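Asks: Sharing upload38.cif (mmCIF, C-alpha atoms) below.
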```
data_target
#
loop_
_atom_site.label_atom_id
_atom_site.label_comp_id
_atom_site.auth_asym_id
_atom_site.auth_seq_id
_atom_site.Cartn_x
_atom_site.Cartn_y
_atom_site.Cartn_z
CA MET A 1 37.20 -16.05 15.05
CA GLY A 2 35.17 -12.83 15.21
CA ASP A 3 34.42 -12.95 11.49
CA HIS A 4 33.15 -16.52 11.81
CA LYS A 5 30.75 -15.56 14.62
CA THR A 6 29.51 -12.57 12.63
CA LYS A 7 28.83 -14.70 9.55
CA LYS A 8 27.05 -17.30 11.68
CA ARG A 9 24.88 -14.63 13.30
CA ARG A 10 24.02 -13.12 9.91
CA ALA A 11 23.08 -16.52 8.52
CA LYS A 12 20.86 -17.17 11.54
CA ASN A 13 19.15 -13.79 11.20
CA LYS A 14 18.67 -14.32 7.48
CA LYS A 15 17.10 -17.74 8.11
CA LYS A 16 14.81 -16.25 10.75
CA ALA A 17 13.77 -13.40 8.44
CA ALA A 18 13.00 -15.87 5.64
CA GLY A 19 10.91 -17.94 8.05
CA GLU A 20 8.96 -14.88 9.14
CA GLN A 21 8.29 -13.96 5.52
CA ARG A 22 6.88 -17.45 4.90
CA LEU A 23 4.72 -17.14 8.00
CA PHE A 24 3.38 -13.76 6.92
CA SER A 25 2.73 -14.98 3.38
CA GLY A 26 0.90 -18.10 4.57
CA TYR A 27 -1.28 -16.12 6.94
CA ILE A 28 -2.19 -13.61 4.22
CA ARG A 29 -2.98 -16.32 1.66
CA ASN A 30 -5.10 -18.12 4.21
CA TRP A 31 -7.36 -15.08 4.44
CA VAL A 32 -7.35 -14.14 0.76
CA LEU A 33 -8.06 -17.67 -0.49
CA ARG A 34 -10.16 -18.65 2.58
CA ASP A 35 -8.05 -21.82 2.87
CA PRO A 36 -6.05 -22.96 5.90
CA PRO A 37 -2.27 -22.64 5.59
CA PRO A 38 -0.10 -25.79 5.47
CA SER A 39 -0.11 -27.37 8.92
CA SER A 40 3.14 -27.38 10.79
CA THR A 41 4.32 -27.51 14.38
CA ASP A 42 7.08 -25.07 13.50
CA ASP A 43 6.05 -21.53 12.55
CA PHE A 44 9.24 -21.16 10.56
CA ALA A 45 9.29 -24.59 8.92
CA PRO A 46 10.19 -24.69 5.21
CA PRO A 47 7.14 -24.47 2.91
CA PRO A 48 5.95 -27.54 1.01
CA VAL A 49 6.97 -27.97 -2.63
CA THR A 50 3.55 -26.65 -3.73
CA ALA A 51 4.07 -23.31 -2.00
CA HIS A 52 3.89 -20.12 -4.04
CA ARG A 53 7.09 -18.41 -4.91
CA ALA A 54 7.87 -15.01 -3.40
CA ALA A 55 7.33 -13.50 -6.86
CA ASP A 56 3.70 -14.67 -6.75
CA ARG A 57 2.87 -12.12 -4.08
CA VAL A 58 -0.69 -11.27 -3.15
CA VAL A 59 -1.22 -7.65 -4.15
CA PHE A 60 -3.34 -5.48 -1.84
CA GLU A 61 -4.68 -2.08 -2.91
CA PHE A 62 -5.83 -0.11 0.14
CA HIS A 63 -6.92 3.21 -1.41
CA SER A 64 -9.08 3.69 -4.52
CA HIS A 65 -12.01 5.75 -5.77
CA SER A 66 -14.88 5.21 -8.20
CA LYS A 67 -17.38 7.50 -9.89
CA TYR A 68 -19.53 7.28 -6.74
CA SER A 69 -17.27 10.01 -5.35
CA ASP A 70 -14.53 11.74 -7.36
CA GLY A 71 -13.19 8.82 -9.39
CA PHE A 72 -13.61 8.46 -13.15
CA LEU A 73 -14.41 4.72 -13.36
CA SER A 74 -17.43 2.72 -12.31
CA PRO A 75 -16.81 0.22 -9.49
CA SER A 76 -16.95 -2.61 -12.06
CA ALA A 77 -14.38 -0.96 -14.31
CA LEU A 78 -12.20 -0.22 -11.29
CA VAL A 79 -12.25 -3.87 -10.22
CA GLU A 80 -11.49 -5.03 -13.77
CA ARG A 81 -8.51 -2.69 -13.98
CA ALA A 82 -7.28 -3.86 -10.60
CA HIS A 83 -7.56 -7.47 -11.78
CA ARG A 84 -5.53 -6.70 -14.91
CA ASN A 85 -2.88 -5.16 -12.67
CA GLY A 86 -2.66 -8.32 -10.56
CA VAL A 87 -4.49 -6.97 -7.51
CA LYS A 88 -6.07 -9.69 -5.39
CA VAL A 89 -7.57 -7.54 -2.62
CA LEU A 90 -9.07 -4.14 -3.39
CA ALA A 91 -10.35 -1.64 -0.85
CA LEU A 92 -12.92 0.68 -2.41
CA THR A 93 -12.63 3.88 -0.37
CA ASP A 94 -14.86 6.48 -1.98
CA HIS A 95 -15.26 9.82 -0.24
CA ASP A 96 -18.08 9.76 2.31
CA THR A 97 -20.07 6.96 0.65
CA MET A 98 -20.13 3.16 0.41
CA ALA A 99 -22.66 3.14 -2.44
CA GLY A 100 -20.23 1.58 -4.90
CA VAL A 101 -19.32 -1.42 -2.74
CA PRO A 102 -22.12 -3.82 -3.85
CA GLU A 103 -21.22 -3.40 -7.54
CA ALA A 104 -17.53 -3.84 -6.77
CA MET A 105 -18.16 -7.03 -4.78
CA GLU A 106 -20.34 -8.53 -7.50
CA THR A 107 -17.66 -7.89 -10.14
CA ALA A 108 -14.88 -9.14 -7.88
CA CYS A 109 -16.59 -12.55 -7.63
CA LYS A 110 -15.99 -13.05 -11.36
CA PHE A 111 -12.25 -12.61 -10.93
CA GLY A 112 -11.72 -14.42 -7.64
CA MET A 113 -10.81 -11.15 -5.92
CA ARG A 114 -11.70 -9.91 -2.47
CA ILE A 115 -13.16 -6.47 -1.78
CA ILE A 116 -12.59 -4.66 1.47
CA PRO A 117 -15.62 -2.39 1.93
CA GLY A 118 -14.17 0.96 2.81
CA VAL A 119 -14.81 4.68 2.89
CA GLU A 120 -12.62 7.78 3.11
CA ILE A 121 -14.33 10.09 5.59
CA SER A 122 -13.85 13.86 5.45
CA ALA A 123 -13.17 15.36 8.87
CA VAL A 124 -11.55 18.26 10.69
CA TYR A 125 -8.91 17.94 13.39
CA SER A 126 -9.16 20.58 16.09
CA PRO A 127 -7.42 19.98 19.45
CA ARG A 128 -10.13 21.89 21.31
CA GLU A 129 -12.94 20.78 18.95
CA GLU A 130 -14.01 24.35 18.32
CA PRO A 131 -16.38 24.83 15.33
CA GLY A 132 -14.83 26.69 12.41
CA THR A 133 -11.27 25.85 13.43
CA GLY A 134 -8.86 23.05 12.73
CA GLU A 135 -7.20 21.25 9.85
CA PRO A 136 -8.96 19.15 7.19
CA VAL A 137 -8.07 15.45 7.46
CA HIS A 138 -9.25 12.28 5.77
CA ILE A 139 -9.78 9.05 7.72
CA LEU A 140 -9.91 5.72 5.90
CA ALA A 141 -12.27 3.10 7.33
CA TYR A 142 -11.84 -0.57 6.44
CA TYR A 143 -14.62 -3.09 7.14
CA GLY A 144 -15.07 -6.82 6.72
CA SER A 145 -17.08 -8.38 3.88
CA CYS A 146 -20.35 -8.05 5.81
CA GLY A 147 -19.83 -4.30 6.21
CA PRO A 148 -20.09 -2.22 9.37
CA ALA A 149 -21.95 -3.08 12.52
CA LYS A 150 -24.52 -0.39 13.37
CA TYR A 151 -24.54 0.59 9.69
CA GLU A 152 -27.30 3.16 10.23
CA GLU A 153 -25.09 5.14 12.61
CA LEU A 154 -22.27 5.32 10.07
CA ASP A 155 -24.65 6.06 7.20
CA GLU A 156 -26.21 8.96 9.11
CA LEU A 157 -22.81 10.58 9.58
CA LEU A 158 -21.90 10.07 5.92
CA SER A 159 -25.23 11.57 4.81
CA ILE A 160 -24.56 14.71 6.87
CA ILE A 161 -21.13 15.07 5.28
CA ARG A 162 -22.48 14.52 1.75
CA ASN A 163 -25.23 17.10 2.26
CA GLY A 164 -22.56 19.52 3.41
CA ARG A 165 -20.59 18.86 0.23
CA TYR A 166 -23.41 20.37 -1.86
CA ILE A 167 -23.29 23.57 0.21
CA ARG A 168 -19.48 23.54 0.07
CA ALA A 169 -19.40 23.19 -3.73
CA LYS A 170 -21.87 26.06 -4.15
CA ASN A 171 -19.71 28.24 -1.90
CA MET A 172 -16.70 27.39 -4.06
CA LEU A 173 -18.61 28.57 -7.12
CA LEU A 174 -19.47 31.83 -5.35
CA LYS A 175 -15.79 32.40 -4.61
CA LEU A 176 -14.78 31.55 -8.17
CA ASN A 177 -17.40 33.98 -9.46
CA LYS A 178 -15.81 36.74 -7.37
CA LEU A 179 -12.48 35.74 -8.93
CA LYS A 180 -14.02 36.36 -12.39
CA MET A 181 -14.30 32.64 -13.14
CA PRO A 182 -18.07 31.97 -13.17
CA LEU A 183 -19.30 28.38 -13.37
CA LYS A 184 -22.84 27.09 -13.62
CA TRP A 185 -24.05 24.74 -10.88
CA GLU A 186 -25.66 22.49 -13.51
CA HIS A 187 -22.25 22.04 -15.14
CA VAL A 188 -20.60 20.85 -11.91
CA ALA A 189 -23.58 18.62 -11.00
CA LYS A 190 -23.46 16.99 -14.45
CA ILE A 191 -19.75 16.23 -14.05
CA ALA A 192 -20.33 14.74 -10.60
CA GLY A 193 -23.11 12.48 -11.88
CA ASN A 194 -26.59 11.69 -10.71
CA GLY A 195 -26.81 11.40 -6.93
CA VAL A 196 -23.09 12.03 -6.35
CA ALA A 197 -22.18 14.78 -3.87
CA PRO A 198 -19.84 17.17 -5.73
CA GLY A 199 -16.30 17.59 -4.50
CA ARG A 200 -13.29 19.72 -5.34
CA LEU A 201 -12.30 17.45 -8.22
CA HIS A 202 -15.65 18.03 -9.94
CA VAL A 203 -15.25 21.79 -9.57
CA ALA A 204 -11.69 21.51 -10.89
CA ARG A 205 -12.89 19.56 -13.94
CA ALA A 206 -15.47 22.26 -14.63
CA MET A 207 -12.70 24.88 -14.42
CA VAL A 208 -10.62 22.96 -16.97
CA GLU A 209 -13.58 22.57 -19.33
CA ALA A 210 -14.35 26.28 -19.01
CA GLY A 211 -10.77 27.15 -19.94
CA TYR A 212 -9.86 28.87 -16.67
CA VAL A 213 -6.98 26.50 -15.98
CA GLU A 214 -4.93 24.14 -18.12
CA ASN A 215 -5.33 21.03 -15.97
CA LEU A 216 -6.57 19.68 -12.63
CA ARG A 217 -3.24 20.19 -10.91
CA GLN A 218 -3.29 23.88 -11.79
CA ALA A 219 -6.85 24.24 -10.48
CA PHE A 220 -5.82 22.78 -7.11
CA ASN A 221 -2.44 24.52 -6.85
CA ARG A 222 -3.87 27.95 -7.60
CA TYR A 223 -7.41 27.98 -6.26
CA LEU A 224 -8.74 24.83 -4.56
CA TYR A 225 -6.00 23.79 -2.14
CA ASP A 226 -6.81 23.77 1.59
CA GLY A 227 -7.25 27.41 2.52
CA GLY A 228 -6.97 28.51 -1.12
CA PRO A 229 -8.88 31.48 -2.62
CA ALA A 230 -11.73 29.24 -3.83
CA TYR A 231 -11.64 26.71 -0.99
CA ALA A 232 -14.68 26.22 1.23
CA VAL A 233 -15.51 23.98 4.17
CA GLY A 234 -18.52 21.70 4.46
CA SER A 235 -20.18 19.86 7.35
CA GLU A 236 -17.20 17.73 8.33
CA PRO A 237 -17.24 16.20 11.82
CA PHE A 238 -14.28 16.28 14.17
CA ALA A 239 -11.68 13.66 13.32
CA GLU A 240 -11.67 12.14 16.82
CA THR A 241 -15.42 11.52 16.51
CA VAL A 242 -14.89 9.79 13.16
CA VAL A 243 -12.15 7.50 14.48
CA GLN A 244 -14.27 6.54 17.48
CA LEU A 245 -17.26 5.80 15.22
CA ILE A 246 -15.16 3.59 12.95
CA CYS A 247 -13.94 1.60 15.96
CA ARG A 248 -17.49 1.37 17.35
CA THR A 249 -18.84 0.03 14.05
CA GLY A 250 -16.21 -2.68 13.64
CA GLY A 251 -13.74 -0.98 11.32
CA VAL A 252 -10.03 -0.33 11.13
CA ALA A 253 -9.17 3.39 11.07
CA ALA A 254 -6.21 4.80 9.12
CA LEU A 255 -5.05 8.36 8.57
CA ALA A 256 -4.83 9.12 4.84
CA HIS A 257 -1.90 10.99 3.22
CA PRO A 258 -0.46 12.52 6.43
CA TRP A 259 2.29 14.20 4.38
CA ALA A 260 -0.35 16.73 3.24
CA LEU A 261 -1.01 17.91 6.79
CA LYS A 262 0.37 21.12 8.26
CA ASN A 263 0.72 19.65 11.77
CA PRO A 264 0.98 15.87 11.32
CA VAL A 265 2.50 15.16 14.74
CA SER A 266 -0.33 16.89 16.59
CA VAL A 267 -2.97 15.15 14.43
CA ILE A 268 -1.41 11.71 14.79
CA ARG A 269 -1.00 12.08 18.55
CA GLY A 270 -4.61 13.18 19.01
CA LEU A 271 -6.11 10.52 16.76
CA LYS A 272 -4.04 7.77 18.35
CA SER A 273 -5.71 8.63 21.64
CA ALA A 274 -9.09 8.32 19.91
CA GLY A 275 -8.29 4.79 18.69
CA LEU A 276 -6.49 5.26 15.34
CA HIS A 277 -4.98 1.99 14.09
CA ALA A 278 -2.80 3.01 11.13
CA ILE A 279 -1.36 5.74 8.93
CA GLU A 280 -0.42 5.78 5.28
CA ILE A 281 3.34 5.98 4.80
CA TYR A 282 3.87 4.08 1.53
CA ARG A 283 3.32 5.49 -1.95
CA SER A 284 4.23 4.22 -5.41
CA ASP A 285 7.43 6.29 -5.23
CA GLY A 286 8.45 4.61 -1.98
CA LYS A 287 8.24 5.36 1.74
CA VAL A 288 7.52 8.94 2.79
CA ALA A 289 10.42 10.24 4.86
CA GLY A 290 9.75 10.76 8.55
CA PHE A 291 6.37 9.10 8.79
CA SER A 292 7.70 5.59 9.38
CA GLU A 293 9.35 6.91 12.54
CA LEU A 294 6.08 8.58 13.57
CA ALA A 295 4.23 5.30 13.06
CA ASP A 296 6.79 3.53 15.26
CA ALA A 297 6.61 6.23 17.93
CA TYR A 298 2.82 5.94 18.22
CA GLU A 299 2.66 2.18 17.57
CA LEU A 300 0.57 2.50 14.41
CA LEU A 301 0.31 0.15 11.45
CA LYS A 302 2.14 1.29 8.32
CA LEU A 303 -0.14 1.19 5.29
CA GLY A 304 -0.36 2.83 1.88
CA GLY A 305 -2.21 2.78 -1.41
CA SER A 306 -2.29 4.37 -4.84
CA ASP A 307 -5.24 6.73 -4.11
CA TYR A 308 -6.27 5.88 -7.67
CA HIS A 309 -8.97 8.05 -9.29
CA GLY A 310 -8.60 7.08 -12.95
CA ARG A 311 -7.77 10.57 -14.20
CA GLY A 312 -5.50 9.12 -16.87
CA GLY A 313 -2.57 11.47 -16.28
CA HIS A 314 1.02 10.25 -16.39
CA ASP A 315 1.55 11.50 -12.83
CA GLU A 316 -1.16 9.30 -11.27
CA SER A 317 -0.20 6.11 -9.45
CA ASP A 318 -1.97 3.06 -10.84
CA LEU A 319 -3.86 0.40 -8.91
CA GLY A 320 -1.50 -2.04 -7.23
CA SER A 321 1.55 0.16 -7.75
CA VAL A 322 2.35 0.51 -4.04
CA ASP A 323 4.59 -2.36 -2.98
CA LEU A 324 3.60 -2.97 0.64
CA PRO A 325 5.89 -5.07 2.83
CA LEU A 326 4.41 -8.40 3.89
CA ILE A 327 4.68 -7.40 7.53
CA SER A 328 2.38 -4.40 6.91
CA VAL A 329 -0.36 -6.52 5.35
CA TYR A 330 0.12 -9.21 8.00
CA GLY A 331 -0.14 -6.63 10.79
CA PHE A 332 -3.28 -5.17 9.25
CA LEU A 333 -5.01 -8.55 9.03
CA LYS A 334 -3.93 -9.55 12.55
CA ILE A 335 -5.81 -6.51 13.87
CA ALA A 336 -8.69 -6.52 11.38
CA ARG A 337 -9.73 -10.18 11.29
CA PRO A 338 -10.82 -10.56 14.95
CA VAL A 339 -12.68 -7.23 14.74
CA TRP A 340 -14.47 -8.22 11.53
CA CYS A 341 -15.27 -11.69 12.90
CA ASN A 342 -17.01 -10.12 15.89
CA VAL A 343 -19.09 -7.96 13.54
CA VAL A 344 -20.19 -11.10 11.67
CA LYS A 345 -21.27 -12.66 14.97
CA ASP A 346 -23.22 -9.55 15.96
CA ILE A 347 -25.00 -9.28 12.59
CA LEU A 348 -25.95 -12.96 12.48
CA LEU A 349 -27.01 -12.97 16.14
CA SER A 350 -29.32 -10.02 15.45
CA TYR A 351 -30.85 -11.98 12.59
CA ALA A 352 -31.15 -15.11 14.74
CA ASP A 353 -32.90 -13.15 17.50
CA GLU A 354 -35.25 -11.53 15.01
CA PRO A 355 -35.27 -13.37 11.64
CA SER A 356 -37.20 -10.65 9.81
CA ALA A 357 -37.07 -9.51 6.20
CA ALA A 358 -35.57 -6.21 7.41
CA ASN A 359 -32.70 -7.97 9.18
CA LEU A 360 -32.16 -10.26 6.19
CA GLU A 361 -31.84 -7.13 4.05
CA LYS A 362 -29.10 -5.88 6.37
CA ILE A 363 -27.18 -9.11 5.84
CA THR A 364 -27.42 -8.82 2.05
CA ARG A 365 -26.57 -5.11 1.94
CA PHE A 366 -23.29 -5.67 0.09
CA GLY A 367 -24.07 -8.84 -1.86
CA LYS A 368 -26.56 -11.51 -2.82
CA LEU A 369 -26.66 -14.72 -0.85
CA ASN A 370 -27.11 -17.01 -3.85
CA ASN A 371 -24.08 -15.87 -5.83
CA LEU A 372 -21.68 -18.24 -4.10
CA LYS A 373 -20.26 -21.11 -6.08
CA GLY A 374 -21.82 -24.40 -5.05
CA TYR A 375 -24.79 -22.81 -3.31
CA SER A 376 -28.41 -22.50 -4.39
CA THR A 377 -30.94 -19.95 -3.22
CA PRO A 378 -31.22 -20.29 0.58
CA ARG A 379 -34.43 -21.86 1.90
CA CYS A 380 -33.93 -21.72 5.65
CA GLY A 381 -32.11 -19.55 8.14
CA LYS A 382 -29.31 -22.07 8.49
CA ASP A 383 -28.63 -21.74 4.75
CA VAL A 384 -28.25 -18.00 5.27
CA VAL A 385 -25.66 -18.56 7.98
CA GLU A 386 -23.71 -21.09 5.93
CA GLN A 387 -23.59 -18.88 2.85
CA CYS A 388 -22.62 -15.81 4.87
CA LEU A 389 -19.87 -17.62 6.75
CA SER A 390 -18.49 -19.22 3.57
CA SER A 391 -18.44 -15.83 1.87
CA TRP A 392 -17.11 -13.75 4.75
CA LEU A 393 -14.80 -15.95 6.83
CA THR A 394 -12.07 -18.56 6.52
CA ASN A 395 -12.55 -22.17 7.64
CA ASP A 396 -10.94 -21.61 11.03
CA GLU A 397 -12.85 -18.38 11.66
CA ARG A 398 -16.29 -19.88 11.09
CA GLU A 399 -15.83 -22.75 13.50
CA GLY A 400 -16.87 -22.41 17.12
CA ASP A 401 -19.77 -22.78 19.51
CA GLU A 402 -21.20 -19.31 18.87
CA PHE A 403 -21.70 -19.87 15.16
CA GLU A 404 -23.04 -23.38 15.78
CA ALA A 405 -25.61 -21.94 18.19
CA ILE A 406 -26.71 -19.48 15.51
CA ARG A 407 -27.04 -22.30 12.98
CA MET A 408 -29.21 -24.33 15.35
CA LYS A 409 -31.36 -21.33 16.19
CA LEU A 410 -32.14 -20.67 12.53
CA ALA A 411 -32.38 -24.26 11.32
CA HIS A 412 -36.20 -24.28 11.35
CA ILE A 413 -36.82 -20.80 9.94
CA ASP A 414 -38.23 -20.79 6.37
CA ILE A 415 -37.11 -17.80 4.25
CA SER A 416 -38.09 -19.11 0.81
CA ASN A 417 -41.51 -17.43 0.69
CA GLU A 418 -40.51 -14.00 -0.68
CA GLY A 419 -38.39 -13.28 2.36
CA LEU A 420 -41.08 -14.12 4.91
CA GLN A 421 -39.77 -15.79 8.02
CA ASN A 422 -41.94 -18.76 9.06
CA PRO A 423 -41.14 -21.83 11.16
CA ILE A 424 -40.62 -24.96 9.03
CA MET A 425 -43.26 -27.48 10.04
CA LYS A 426 -41.98 -30.98 10.72
CA SER A 427 -43.94 -33.82 9.08
#
```
Write out the structure in this file as structure tokens.

Replies:
Amino acid sequence: MGDHKTKKRRAKNKKKAAGEQRLFSGYIRNWVLRDPPPSSTDDFAPPPVTAHRAADRVVFEFHSHSKYSDGFLSPSALVERAHRNGVKVLALTDHDTMAGVPEAMETACKFGMRIIPGVEISAVYSPREEPGTGEPVHILAYYGSCGPAKYEELDELLSIIRNGRYIRAKNMLLKLNKLKMPLKWEHVAKIAGNGVAPGRLHVARAMVEAGYVENLRQAFNRYLYDGGPAYAVGSEPFAETVVQLICRTGGVAALAHPWALKNPVSVIRGLKSAGLHAIEIYRSDGKVAGFSELADAYELLKLGGSDYHGRGGHDESDLGSVDLPLISVYGFLKIARPVWCNVVKDILLSYADEPSAANLEKITRFGKLNNLKGYSTPRCGKDVVEQCLSSWLTNDEREGDEFEAIRMKLAHIDISNEGLQNPIMKS
């Protein structure tokens, strides 16, 4: 009798779990493909015969770098590689810059992929926020397709950090010189590339090319690790300030590679109070022990990504190699989508209130308006709204009185004359 009840309970739990997986998958596909999921009055109803199999999972890559920071590939090449690996959604998270996002988004359109505009922000965690103290941390920021609200505020912070990276790299060279390993600044700057703020990886590559170390790993393990003999700090802001800024500008904030921290519990506790949404716990080699429990304890989303740089070594995780559970992606989108939708409203409302060329430029910061399939170059403000909403939101997200009011407000604004905003005269 007991065995029968146990089997019945297991079967019921298994059926419920399968139903939840279908729900998660449908919700994710709805966002990725911008199509509504199959209608049903039962959240756990069996999928229609046209449903995708579990094997046809939608691959998300939440952590990647291009040559705009310390990666080796251009954003276009990065997107192409991700596509070959089956990735459907790619977050470009260069260090302290979003300069590569427009190129990534343009390339992604060719492959039917979605780009999450992101950035990995260098910061310092100090419980008392005392200058010169604390532990280096990296905070990942994830934004919707339209980018951040209050972009100028975020960009100002990133510019300060990038400027500090130049000073930091030069200080590293001074320390290496004292260690009898002189490097020329021109060499490091050439490796970094035109306009790219040099980081530790660029210094490490210069060390390899100069013959001081055998490989990048050796450069970091011996000299460039946090607190190492050639390590230097830059102009990194406090981590709590970064998390608060991400939340204020319509992003989702995640703590990157917490397993590298000396005091992860203290950092996670402090950043949770500042508004942190998630932490990385998944890698290509599986779940990192202990951090899943920390995520549960502080009610944080569990994310992960390859942290792909394109170095080409056998020890580097490739794009799409981290197998995230459906519930992690579902949880991320459940938090992110309403936040991103509000940013879209704010950006379009600002344009509706002041339909200027400057505000139109803000809308097109990460992509052209006329690159959408089935759309021609927009002629009036309403066309702008339609193209933005079709590009950024799903069908259900772009419905509603607020967006309709924006459409009506911009219906008679002419933008076809080289970006000039003039009322359309009725005949």

Asks: I'd like to know which of A:Leu154, A:Cys341, A:Ala336, A:Leu276 is closest to Ile121 (chain A), using all atoms listed in the file.

Replies: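 Ranked by minimum distance to Ile121 (chain A), first place goes to A:Leu154.
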
Asks: Which residue is closest to Arg168 (chain A)? Choose from A:Gln387, A:Thr107, A:Ser235, A:Ser122 and count only C-alpha atoms.

Replies: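 Looking only at the distances to Arg168 (chain A), the closest residue turns out to be A:Ser235.
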
Asks: Could you list the residues chosen by the PyMOL selection byres ((chain A and resi 234) around 7) in this structure as number ranges by chain?

Replies: A: 164-165, 167-168, 232-233, 235-236

Asks: List every residue of region 111-195 of chain A that has an atom at most 12 Å from any atom of region 76-91 of chain A, giving for each one its closest atom pair and the distance in Å to one decimal, counting only C-alpha atoms, sorted by chain and then by ascending residue number, as a tab-separated table.

Replies:
```
residue	atom	partner	partner_atom	distance
A:Phe111	CA	A:His83	CA	7.0
A:Gly112	CA	A:Lys88	CA	7.7
A:Met113	CA	A:Lys88	CA	5.0
A:Arg114	CA	A:Val89	CA	4.8
A:Ile115	CA	A:Leu90	CA	5.0
A:Ile116	CA	A:Ala91	CA	4.4
A:Pro117	CA	A:Ala91	CA	6.0
A:Gly118	CA	A:Ala91	CA	5.9
A:Val119	CA	A:Ala91	CA	8.6
A:Glu120	CA	A:Ala91	CA	10.5
A:Leu140	CA	A:Ala91	CA	10.0
A:Ala141	CA	A:Ala91	CA	9.6
A:Tyr142	CA	A:Ala91	CA	7.5
A:Tyr143	CA	A:Ala91	CA	9.2
A:Gly144	CA	A:Ala91	CA	10.3
A:Ser145	CA	A:Ala91	CA	10.6
```

Asks: Any idea what's packed within 8 Å of Ser159 (chain A), counting all atoms listed in the file, ignoring anything in its chain fewer than 4 positions away? Could you give it as a ChimeraX atom specification?

Replies: /A:96,155,163

Asks: Step by step, work through what the PyMOL selection byres ((chain A and resi 296-298) around 8) selects in the shown file, and finish by giving those residues as a VMD selection string.

Replies: chain A and resid 268 to 269 272 292 to 295 299 to 300

Asks: Can you tell me how far CA of Gly270 (chain A) sits from CA of Gly290 (chain A), in Å to one decimal?

Replies: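 Computing the Euclidean distance for CA of Gly270 (chain A) and CA of Gly290 (chain A) yields 17.9 Å.
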
Asks: Which residues match the PyMOL selection byres ((chain A and resi 407) around 10) in the file above, as a CSV table (one decimal) with C-alpha atoms, in the coordinates of the input?

Replies:
```csv
chain,number,residue,atom,x,y,z
A,348,LEU,CA,-26.0,-13.0,12.5
A,349,LEU,CA,-27.0,-13.0,16.1
A,352,ALA,CA,-31.2,-15.1,14.7
A,381,GLY,CA,-32.1,-19.6,8.1
A,382,LYS,CA,-29.3,-22.1,8.5
A,383,ASP,CA,-28.6,-21.7,4.8
A,384,VAL,CA,-28.2,-18.0,5.3
A,385,VAL,CA,-25.7,-18.6,8.0
A,386,GLU,CA,-23.7,-21.1,5.9
A,401,ASP,CA,-19.8,-22.8,19.5
A,402,GLU,CA,-21.2,-19.3,18.9
A,403,PHE,CA,-21.7,-19.9,15.2
A,404,GLU,CA,-23.0,-23.4,15.8
A,405,ALA,CA,-25.6,-21.9,18.2
A,406,ILE,CA,-26.7,-19.5,15.5
A,408,MET,CA,-29.2,-24.3,15.4
A,409,LYS,CA,-31.4,-21.3,16.2
A,410,LEU,CA,-32.1,-20.7,12.5
A,411,ALA,CA,-32.4,-24.3,11.3
A,412,HIS,CA,-36.2,-24.3,11.4
```

Asks: What is the CA of Leu73 (chain A)-CA of Phe332 (chain A) distance in Å, reported with one decimal?

Replies: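 Atom-to-atom, CA of Leu73 (chain A) to CA of Phe332 (chain A), that is 27.1 Å.
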
Asks: May I ask which of the residues A:Tyr151, A:Phe72, A:Gly195, A:His187 is the closest one to Asn359 (chain A), counting all atoms listed in the file?

Replies: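 So, comparing all the options, the nearest one is A:Tyr151.
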
Asks: Counting all atoms listed in the file, which residues come within 9 Å of (-1.8, -8.1, 4.1), with the point read in the file's coordinates, and could you list them as a ChimeraX atom specification?

Replies: /A:24-25,27-29,31-32,58-60,89,324-334

Asks: Would you be able to write out as a list in words which residues have an atom within 10 Å of (-26.6, -6.4, 3.8) in the file's coordinates, counting all atoms listed in the file?

Replies: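 It turns out the residues near that spot are Pro102, Ser145, Cys146, Gly147, Pro148, Tyr151, Ile347, Ala358, Asn359, Leu360, Glu361, Lys362, Ile363, Thr364, Arg365, Phe366, Gly367, Lys368 and Leu369 of chain A.
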
Asks: Of the candidates A:Leu303, A:Leu255, A:Val213, A:Ala17, which one gets nearest to Ile139 (chain A) if we count all atoms listed in the file?

Replies: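 The closest residue to Ile139 (chain A) is A:Leu255.
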
Asks: First collect every listed atom of region 104-112 of chain A; then fit an axis-aligned box around them, widen it by 5 Å on each side, and give centre and edge lengths in Å to one decimal, as lines of an AutoDock Vina configuration file.

Replies:
```
center_x = -16.0
center_y = -9.1
center_z = -8.1
size_x = 18.6
size_y = 20.6
size_z = 16.6
```

Asks: Check the smallest atom-to-atom distance from each of A:Val344, A:Ala206, A:Ala197, A:Ala192 to Ile160 (chain A) using only C-alpha atoms, then report the winner.

Replies: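 Of A:Val344, A:Ala206, A:Ala197, A:Ala192, the one nearest Ile160 (chain A) is A:Ala197, counting only C-alpha atoms.
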
Asks: Excluding Val208 (chain A) and residues on its chain fewer than 5 positions from it, collect all residues at most 10 Å away from it, counting only C-alpha atoms, and give them as a PyMOL selection string.

Replies: chain A and resi 202-203+213-219

Asks: Hey, can you check how far CA of Ser273 (chain A) sits from CA of His257 (chain A)?

Replies: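 Pair CA of Ser273 (chain A) / CA of His257 (chain A) returns 19.0 Å.
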
Asks: Please provide as a PyMOL selection string all residues within 12 Å of region 225-231 of chain A, with the sequence filter that same-chain residues fewer than 2 positions apart are discarded (counting all atoms listed in the file).

Replies: chain A and resi 124+133-137+165+168-182+199-201+203-204+207+216-223+233-234+260-262

Asks: Could you check the closest approach to Ile191 (chain A) for each of A:Lys67, A:Lys110, A:Arg162, A:Lys14 and tell me which residue wins, using all atoms listed in the file?

Replies: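 Of the candidates, the smallest distance to Ile191 (chain A) is held by A:Lys67.
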
Asks: List the neighbours of Asp307 (chain A) out to 9 Å using only C-alpha atoms; skip same-chain residues closer than 5 positions along the sequence, and give me the result as a list in words.

Replies: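 Here the qualifying residues turn out to be Glu61, Phe62, His63, Ser64, His65, Thr93, Arg283, Glu316, Ser317, Asp318 and Leu319 of chain A.
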